[in-house]
Amino acid sequence: MKDFEKQMTQYWMKEFPSVWSFLGSPEEAGKIPTEHKDQIHFLNDRGTELIEQFLESSKMTKGFPFKPFIDYFKRIDDFRITENCDTEIKKWLYNKGIPFSKYVFIDYDRSGHALMLTWKMILKYWEGIFFAEDILIFDSALQWGLFYYHGDQLWFGSEVIFKPKAEVQRTIEMNEILKSLSNANKGYEA
């Protein structure tokens with residue numbers, strides 16, 4: 001699914017939104033190190049819409065928010081966020097084995113935009129990400145998902161359940177989304 005990640009770069013916003021986000025106020029977001037800015041990309045309206053369609057066609061979000069990943073992942077681990085859990089949550093996230101440089105997606109941020117950012121930035125800015133809104137973080141291959149419920153609960157799903165009939169339908173829908181991305185990219189390059 002590297003192709004999906006590559007195609008989604010056309011929807012990166014040139015600047016951070018001028019509203020509050022997981023990085024805080026627009027002024028606070030502007031002060032983060034350039035190295036971090038280079039790894040955090042807010043998606044424009046069309047990109048946010050595509051992420052929504054991508055997730056909907058995946059069927060991963062069935063059962064949210066109280067039974068996340070039902071019928072999608074075999075393994076679901078959970079973590080309860082408490083005061084002063086910085087070390088524990090970072091260790092829990094780190095132990096998921098996702099490379100720091102891996103680009104992942106957040107379905108929605110308080111800014112109103114989806115995001116594409118590295119896993120390293122998830123660990124760095126977890127307090128702003130896991131704050132008030134329910135969010136889903138996932139990889140483009142849909143091999144895992146991390147759901148934050150605004151009641152300070154995290155669920156990490158992995159080991160996709162393979163269901164042939166559902167997989168055929170999911171593949172058809174995902175291919176349509178990828179085709180529309182590819183067509184948009186062709187028009188974008190012209």
# chains A, B, ... in the order shown; residues from 1 in each chain; ligands from 1
>>> residues_around(residues="Glu133 (chain A)", least_positions_apart="6", cutoff="9 Å", atoms="only C-alpha atoms", output="PyMOL selection string")
chain A and resi 108-110+148-150
>>> residues_around(residues="Pro26 (chain A)", least_positions_apart="6", cutoff="10 Å", atoms="only C-alpha atoms", output="compact mmCIF listing (two decimals) with all heavy atoms, in the first residue's frame")
# COMPACT_ATOMS: atom_id res chain seq x y z
N PHE A 16 0.18 24.36 8.26
CA PHE A 16 -0.69 23.83 9.30
C PHE A 16 -1.97 24.67 9.33
O PHE A 16 -1.93 25.87 9.03
CB PHE A 16 -0.02 23.90 10.67
CG PHE A 16 1.07 22.87 10.90
CD1 PHE A 16 1.86 22.95 12.03
CD2 PHE A 16 1.29 21.82 10.02
CE1 PHE A 16 2.85 22.01 12.28
CE2 PHE A 16 2.28 20.87 10.26
CZ PHE A 16 3.06 20.97 11.39
N PRO A 17 -3.09 24.07 9.71
CA PRO A 17 -4.34 24.85 9.79
C PRO A 17 -4.21 25.99 10.80
O PRO A 17 -3.48 25.89 11.79
CB PRO A 17 -5.38 23.84 10.26
CG PRO A 17 -4.76 22.50 10.16
CD PRO A 17 -3.28 22.69 10.11
N SER A 18 -4.94 27.05 10.57
CA SER A 18 -4.88 28.21 11.48
C SER A 18 -5.96 28.10 12.56
O SER A 18 -6.58 29.09 12.92
CB SER A 18 -5.02 29.51 10.68
OG SER A 18 -6.23 29.50 9.95
N VAL A 19 -6.16 26.88 13.03
CA VAL A 19 -7.09 26.59 14.13
C VAL A 19 -6.39 25.64 15.09
O VAL A 19 -5.32 25.10 14.80
CB VAL A 19 -8.40 25.94 13.61
CG1 VAL A 19 -9.18 26.90 12.72
CG2 VAL A 19 -8.13 24.65 12.86
N TRP A 20 -7.01 25.41 16.24
CA TRP A 20 -6.44 24.48 17.21
C TRP A 20 -6.37 23.08 16.62
O TRP A 20 -7.25 22.67 15.87
CB TRP A 20 -7.28 24.47 18.49
CG TRP A 20 -6.99 25.65 19.37
CD1 TRP A 20 -7.36 26.95 19.15
CD2 TRP A 20 -6.25 25.65 20.59
NE1 TRP A 20 -6.90 27.75 20.16
CE2 TRP A 20 -6.22 26.97 21.07
CE3 TRP A 20 -5.63 24.65 21.33
CZ2 TRP A 20 -5.58 27.33 22.25
CZ3 TRP A 20 -5.00 25.01 22.51
CH2 TRP A 20 -4.97 26.34 22.96
>>> residues_around(residues="Phe100 (chain A)", least_positions_apart="3", cutoff="10 Å", atoms="only C-alpha atoms", output="compact mmCIF listing (two decimals) with N, CA, C and O atoms, in the first residue's frame")
# COMPACT_ATOMS: atom_id res chain seq x y z
N TYR A 94 5.48 1.88 21.76
CA TYR A 94 6.75 1.43 21.19
C TYR A 94 6.75 -0.08 20.97
O TYR A 94 7.20 -0.57 19.93
N GLY A 97 5.83 -2.36 17.79
CA GLY A 97 6.78 -2.75 16.75
C GLY A 97 6.67 -1.98 15.45
O GLY A 97 7.16 -2.43 14.41
N TYR A 103 4.86 6.03 7.97
CA TYR A 103 3.76 6.98 7.90
C TYR A 103 2.46 6.27 8.24
O TYR A 103 2.19 5.17 7.75
N THR A 118 4.38 10.45 10.84
CA THR A 118 5.17 9.27 11.20
C THR A 118 4.75 8.76 12.57
O THR A 118 4.22 9.50 13.41
N TRP A 119 5.02 7.48 12.78
CA TRP A 119 4.72 6.84 14.07
C TRP A 119 5.49 7.55 15.19
O TRP A 119 5.00 7.69 16.31
N LYS A 120 6.68 8.02 14.88
CA LYS A 120 7.49 8.75 15.87
C LYS A 120 6.72 9.96 16.41
O LYS A 120 6.76 10.26 17.60
N MET A 121 5.99 10.65 15.54
CA MET A 121 5.23 11.82 15.97
C MET A 121 4.02 11.42 16.83
O MET A 121 3.60 12.19 17.69
N ILE A 122 3.49 10.22 16.61
CA ILE A 122 2.41 9.72 17.48
C ILE A 122 2.95 9.61 18.91
O ILE A 122 2.32 10.07 19.86
N LEU A 123 4.13 9.00 19.06
CA LEU A 123 4.72 8.85 20.39
C LEU A 123 5.09 10.21 20.99
O LEU A 123 4.91 10.43 22.19
>>> closest_residue(among="A:Asp45, A:Asp134, A:Glu159, A:Asp38", to="Ser101 (chain A)", atoms="only C-alpha atoms")
A:Asp38
>>> closest_atom_pairs(of="region 105-158 of chain A", to="region 84-91 of chain A", cutoff="9 Å", atoms="only C-alpha atoms", output="tab-separated table")
residue	atom	partner	partner_atom	distance
A:Leu123	CA	A:Lys90	CA	6.0
A:Lys124	CA	A:Lys90	CA	8.4
A:Trp126	CA	A:Lys90	CA	8.3
A:Glu127	CA	A:Asp86	CA	8.5
>>> write_last_selection(atoms="N, CA and C atoms", output="tab-separated table (two decimals), in the first residue's frame")
chain	number	residue	atom	x	y	z
A	123	LEU	N	4.13	9.00	19.06
A	123	LEU	CA	4.72	8.85	20.39
A	123	LEU	C	5.09	10.21	20.99
A	124	LYS	N	5.59	11.11	20.17
A	124	LYS	CA	6.02	12.43	20.65
A	124	LYS	C	4.84	13.28	21.13
A	126	TRP	N	1.56	12.29	21.78
A	126	TRP	CA	0.42	11.46	22.19
A	126	TRP	C	-0.57	12.23	23.07
A	127	GLU	N	-0.08	13.12	23.93
A	127	GLU	CA	-1.00	13.83	24.84
A	127	GLU	C	-1.99	14.71	24.09
>>> select_by_dssp(residues="region 25-184 of chain A", states="helix (DSSP H, G or I)", output="VMD selection string")
chain A and resid 26 to 30 34 to 37 45 to 58 86 to 94 119 to 124 126 to 129 164 to 184
>>> residues_around(residues="region 69-73 of chain A", least_positions_apart="3", cutoff="9 Å", atoms="only C-alpha atoms", output="PyMOL selection string")
chain A and resi 59-64+76+143-145+147+155-162
>>> atom_distance(atom1="CA of Phe22 (chain A)", atom2="CA of Tyr125 (chain A)")
7.6 Å
>>> atom_distance(atom1="CA of Ala141 (chain A)", atom2="CA of Leu178 (chain A)")
12.3 Å
>>> select_by_dssp(residues="region 15-173 of chain A", states="strand (DSSP E or B)", output="VMD selection string")
chain A and resid 21 24 40 to 43 73 to 80 103 to 106 115 to 118 135 to 138 144 to 149 153 to 160
>>> closest_residue(among="A:Ser111, A:Asn95, A:Ser140, A:Thr48", to="Lys2 (chain A)", atoms="only C-alpha atoms")
A:Ser140
>>> residues_around(residues="Glu176 (chain A)", least_positions_apart="4", cutoff="12 Å", atoms="only C-alpha atoms", output="CSV table (one decimal) with N, CA, C and O atoms, in the first residue's frame")
chain,number,residue,atom,x,y,z
A,50,LEU,N,-11.3,11.3,1.5
A,50,LEU,CA,-10.8,10.1,1.0
A,50,LEU,C,-10.4,9.1,2.1
A,50,LEU,O,-10.6,7.9,2.1
A,53,GLN,N,-13.6,7.6,3.3
A,53,GLN,CA,-14.1,6.6,2.4
A,53,GLN,C,-13.2,5.3,2.5
A,53,GLN,O,-13.8,4.2,2.5
A,54,PHE,N,-11.9,5.5,2.7
A,54,PHE,CA,-11.0,4.4,2.8
A,54,PHE,C,-11.4,3.6,4.0
A,54,PHE,O,-11.4,2.3,4.0
A,57,SER,N,-14.8,1.7,3.6
A,57,SER,CA,-14.7,0.5,2.8
A,57,SER,C,-13.9,-0.6,3.4
A,57,SER,O,-14.1,-1.8,3.1
A,169,GLN,N,-15.4,-8.0,-1.4
A,169,GLN,CA,-16.1,-6.7,-1.4
A,169,GLN,C,-15.2,-5.6,-1.0
A,169,GLN,O,-15.2,-4.5,-1.6
A,170,ARG,N,-14.4,-5.8,0.1
A,170,ARG,CA,-13.5,-4.8,0.6
A,170,ARG,C,-12.5,-4.4,-0.5
A,170,ARG,O,-12.2,-3.3,-0.8
A,171,THR,N,-11.9,-5.5,-1.2
A,171,THR,CA,-10.9,-5.2,-2.2
A,171,THR,C,-11.5,-4.4,-3.4
A,171,THR,O,-10.9,-3.5,-3.9
A,172,ILE,N,-12.7,-4.8,-3.8
A,172,ILE,CA,-13.4,-4.0,-4.9
A,172,ILE,C,-13.5,-2.5,-4.5
A,172,ILE,O,-13.2,-1.7,-5.3
A,180,SER,N,-9.5,6.1,-8.1
A,180,SER,CA,-9.8,7.5,-8.1
A,180,SER,C,-8.6,8.4,-7.7
A,180,SER,O,-8.4,9.4,-8.2
A,181,LEU,N,-7.8,7.8,-6.8
A,181,LEU,CA,-6.6,8.5,-6.4
A,181,LEU,C,-5.6,8.6,-7.6
A,181,LEU,O,-5.0,9.6,-7.8
A,182,SER,N,-5.5,7.5,-8.3
A,182,SER,CA,-4.6,7.4,-9.4
A,182,SER,C,-5.0,8.4,-10.5
A,182,SER,O,-4.2,9.1,-11.1
A,183,ASN,N,-6.3,8.4,-10.8
A,183,ASN,CA,-6.8,9.4,-11.8
A,183,ASN,C,-6.6,10.8,-11.4
A,183,ASN,O,-6.3,11.7,-12.2
